[in-house]
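Scroll down for the structure; my scribbles are underneath it.
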Amino acid sequence: MLKRMLDRTTAALGRADLFRRTPLAPIIVDHPIVAIDVGSRGGFEADLDPLAWAVDAVGFEPNPEELERLQRETARTRQPWRSIRHVPAALSGTGGTRKLHVPVAPESASLLEHDARVGTWFGKPAMFTVERVIDVDTMTLDDALTRFVIPAPHYVKLDIEGAELEVLSSSPRALASTLVLKTEVAFLPMRRGQPLATDVDLFLRGHGFQLVDLVAPVHWRRGSYVAHPQLAAEPVPYSRGQIAHGDFLYFREPDAIPSADVPSVLRAAVLSMAHGFFDYASALLARPEVERTLREHYRLDPTLVVRSASLALGRRAWASAFSEHLRRIVTFLRSAKAIASSGASR
């Protein structure tokens with residue numbers, strides 16, 4: 001029964017274009033979003049689903065086989081995006097030929113050399129034991145925008161195993177137009193010379209961004225794959241894990257977006273609402289120049305625009321929380337079974 005409820009809730013959460021049925025829709029249509037997902041082999045970033053019909057999505061995938069798979073999948077399945085394409089680009093901060101270190105778990109391949117000690121400490125040798133080192137042709141993000149005729153992005157997501165900061169610091173054109181940025185960060189020195197979360201944060205704060213959230217933090221236990229809080233038949237049955245990595249979500253500092261640039265203000269507001277930050281959006285839409293545009297051009301009250309979108313996403317957030325509670329119940333029941341079995345064996 002729990003599984004059926006979970007499946008139904010998960011299906012309900014999968015709907016894209018949530019904002020298409022709100023007064024926000026005409027604003028979104030008039031201000032489409034150029035979104036870049038660097039590291040998109042798992043599918044394009046779902047955070048933009050609420051406004052997918054107005055998103056021009058560009059995924060970066062340097063692996064030829066994976067790129068072909070993505071292109072086949074895109075061609076044969078209905079896509080929610082205004083447009084979507086995948087480009088064969090490997091990014092770095094320098095461009096040119098770089099060494100790619102490919103471990104047993106190839107999804108952990110990195111331009112930086114892995115630190116095998118970390119894999120030993122946390123019992124994850126497959127992620128840190130390098131099987132081969134290959135030469136790859138790389139380019140900066142700004143070079144990729146030119147080569148593949150990609151407009152200046154409004155949204156950028158980076159997940160490139162430790163090279164995020166070097167890519168950001170070498171691409172001023174892309175960074176200047178970006179309003180929302182999501183980047184993977186590491187809290188452990190998984191690779192030699194890898195910038196950590198604090199380094200990334202200092203750089204982006206210095207370029208007009210503010211950190212608004214830590215998304216999907218991942219915690220590792222020493223020598224164990226068991227996730228907190230599940231109890232398991234381990235030498236140490238239960239322990240909290242140490243934070244290892246996650247995603248930092250950044251918005252452009254409001255003061256860094258000129259009020260006279262109404263299209264950028266509206267895009268920033270729309271993107272922040274897609275991520276659930278309606279207070280940020282409300283402050284942007286309350287600017288006199290922006291409010292005037294909404295009332296005169298769209299015949300919309302800024303307060304009602306934010307309220308309707310907030311209610312729509314709030315309902316989905318409630319459903320997501322309900323789904324998560326169901327998952328936690330399943331985990332709890334499994335843990336209870338493990339505890340009972342452990343007690344019976346003593």
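Going through the structure tokens in order, the chains are called A, B, and so on, while each chain numbers its residues from 1 and the ligands are numbered from 1 in the order shown.
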Next item on the list: Identify, on the basis of only C-alpha atoms, every residue whose closest approach to Leu112 in chain A does not exceed 10 Å; exclude the query and any residue fewer than 6 positions from it along the same chain; express the result as a ChimeraX atom specification.
Entry: /A:98-101,161-163,190-194
C-alpha atoms of the current selection, written as a short mmCIF file (atom, residue, chain, number, x, y, z; two decimals), in the first residue's frame:
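Here's the written file part-v1.cif:
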```
data_model
loop_
_atom_site.label_atom_id
_atom_site.label_comp_id
_atom_site.auth_asym_id
_atom_site.auth_seq_id
_atom_site.Cartn_x
_atom_site.Cartn_y
_atom_site.Cartn_z
CA ARG A 98 44.04 18.07 -20.75
CA LYS A 99 44.47 14.78 -18.92
CA LEU A 100 41.22 13.08 -17.90
CA HIS A 101 41.60 10.67 -14.96
CA GLU A 161 33.96 16.69 -10.75
CA GLY A 162 36.16 19.37 -9.30
CA ALA A 163 36.75 21.65 -12.31
CA MET A 190 38.71 14.34 -3.16
CA ARG A 191 41.22 15.36 -5.81
CA ARG A 192 44.65 16.90 -5.52
CA GLY A 193 44.50 20.67 -5.68
CA GLN A 194 40.71 20.69 -5.84
#
```
Please build the interface table for range 114-179 of chain A against range 236-251 of chain A with a cut-off of 12 Å, listing for each qualifying residue the nearest atom pair and the distance in Å to one decimal; count only C-alpha atoms, order rows by chain and increasing number, and write it as a tab-separated table.
```
residue	atom	partner	partner_atom	distance
A:Val118	CA	A:Ala244	CA	10.4
A:Gly119	CA	A:Ala244	CA	11.6
A:Trp121	CA	A:Gln242	CA	11.4
A:Phe122	CA	A:Gln242	CA	9.6
A:His154	CA	A:Phe251	CA	10.7
A:Tyr155	CA	A:Phe251	CA	9.6
A:Val156	CA	A:Tyr250	CA	10.0
A:Lys157	CA	A:Leu249	CA	9.1
A:Leu158	CA	A:Asp247	CA	9.0
A:Asp159	CA	A:Asp247	CA	8.6
A:Ile160	CA	A:Asp247	CA	11.7
A:Glu161	CA	A:His245	CA	10.3
A:Gly162	CA	A:His245	CA	10.4
A:Glu164	CA	A:Asp247	CA	11.2
A:Leu175	CA	A:Phe251	CA	11.7
A:Ser177	CA	A:Phe251	CA	11.8
A:Thr178	CA	A:Phe251	CA	8.8
A:Leu179	CA	A:Phe251	CA	6.0
```
Next item on the list: Could you tell me which of A:Leu181, A:Val58, A:Leu304, A:Leu145 comes closest to Ala35 in chain A if we count only C-alpha atoms?
Entry: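 Of A:Leu181, A:Val58, A:Leu304, A:Leu145, the one nearest Ala35 in chain A, counting only C-alpha atoms, is A:Val58.
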Next item on the list: Could you jot down the CA of Val265 in chain A to CA of Trp318 in chain A separation for me, Å, one decimal place?
Entry: 28.0 Å
Check: What residues in range 44-230 of chain A get the DSSP label alpha helix (DSSP H)? Please answer as a PyMOL selection string.
Finding: chain A and resi 64-76+116-121+125-128+141-147+164-169+172-177+197-205
Pull C-alpha atoms from the residues just selected and write them as a tab-separated table (two decimals), in the first residue's frame.
```tsv
chain	number	residue	atom	x	y	z
A	64	PRO	CA	30.66	10.38	-27.77
A	65	GLU	CA	28.69	7.28	-26.74
A	66	GLU	CA	26.82	9.11	-24.01
A	67	LEU	CA	26.18	12.05	-26.34
A	68	GLU	CA	24.68	9.72	-28.95
A	69	ARG	CA	22.47	8.11	-26.31
A	70	LEU	CA	21.22	11.51	-25.14
A	71	GLN	CA	20.49	12.61	-28.69
A	72	ARG	CA	18.58	9.38	-29.42
A	73	GLU	CA	16.58	9.72	-26.23
A	74	THR	CA	15.80	13.36	-26.98
A	75	ALA	CA	14.62	12.47	-30.48
A	76	ARG	CA	12.35	9.60	-29.50
A	116	ALA	CA	43.16	7.63	-3.29
A	117	ARG	CA	43.49	8.22	0.45
A	118	VAL	CA	39.99	9.70	0.55
A	119	GLY	CA	38.61	6.61	-1.18
A	120	THR	CA	40.29	4.44	1.45
A	121	TRP	CA	39.02	6.53	4.35
A	125	PRO	CA	37.75	2.69	-3.89
A	126	ALA	CA	35.84	2.52	-7.18
A	127	MET	CA	35.48	6.30	-7.22
A	128	PHE	CA	39.17	6.92	-6.59
A	141	LEU	CA	32.70	27.90	-21.45
A	142	ASP	CA	32.97	31.25	-23.26
A	143	ASP	CA	34.67	29.50	-26.20
A	144	ALA	CA	31.87	26.91	-26.26
A	145	LEU	CA	29.22	29.64	-26.42
A	146	THR	CA	30.91	30.99	-29.54
A	147	ARG	CA	31.70	27.67	-31.20
A	164	GLU	CA	33.82	23.97	-11.61
A	165	LEU	CA	35.82	26.89	-10.25
A	166	GLU	CA	38.37	26.93	-13.07
A	167	VAL	CA	35.55	26.93	-15.62
A	168	LEU	CA	33.74	29.78	-13.89
A	169	SER	CA	36.84	31.91	-13.45
A	172	PRO	CA	33.51	36.14	-17.76
A	173	ARG	CA	31.02	36.43	-20.63
A	174	ALA	CA	28.89	33.53	-19.42
A	175	LEU	CA	29.14	34.64	-15.81
A	176	ALA	CA	28.09	38.21	-16.62
A	177	SER	CA	24.73	37.15	-18.09
A	197	ALA	CA	33.17	24.77	-1.26
A	198	THR	CA	34.55	27.84	0.51
A	199	ASP	CA	36.79	28.68	-2.46
A	200	VAL	CA	33.86	28.53	-4.86
A	201	ASP	CA	31.72	30.61	-2.53
A	202	LEU	CA	34.33	33.35	-2.13
A	203	PHE	CA	34.77	33.59	-5.90
A	204	LEU	CA	31.07	33.83	-6.68
A	205	ARG	CA	30.34	36.29	-3.89
```
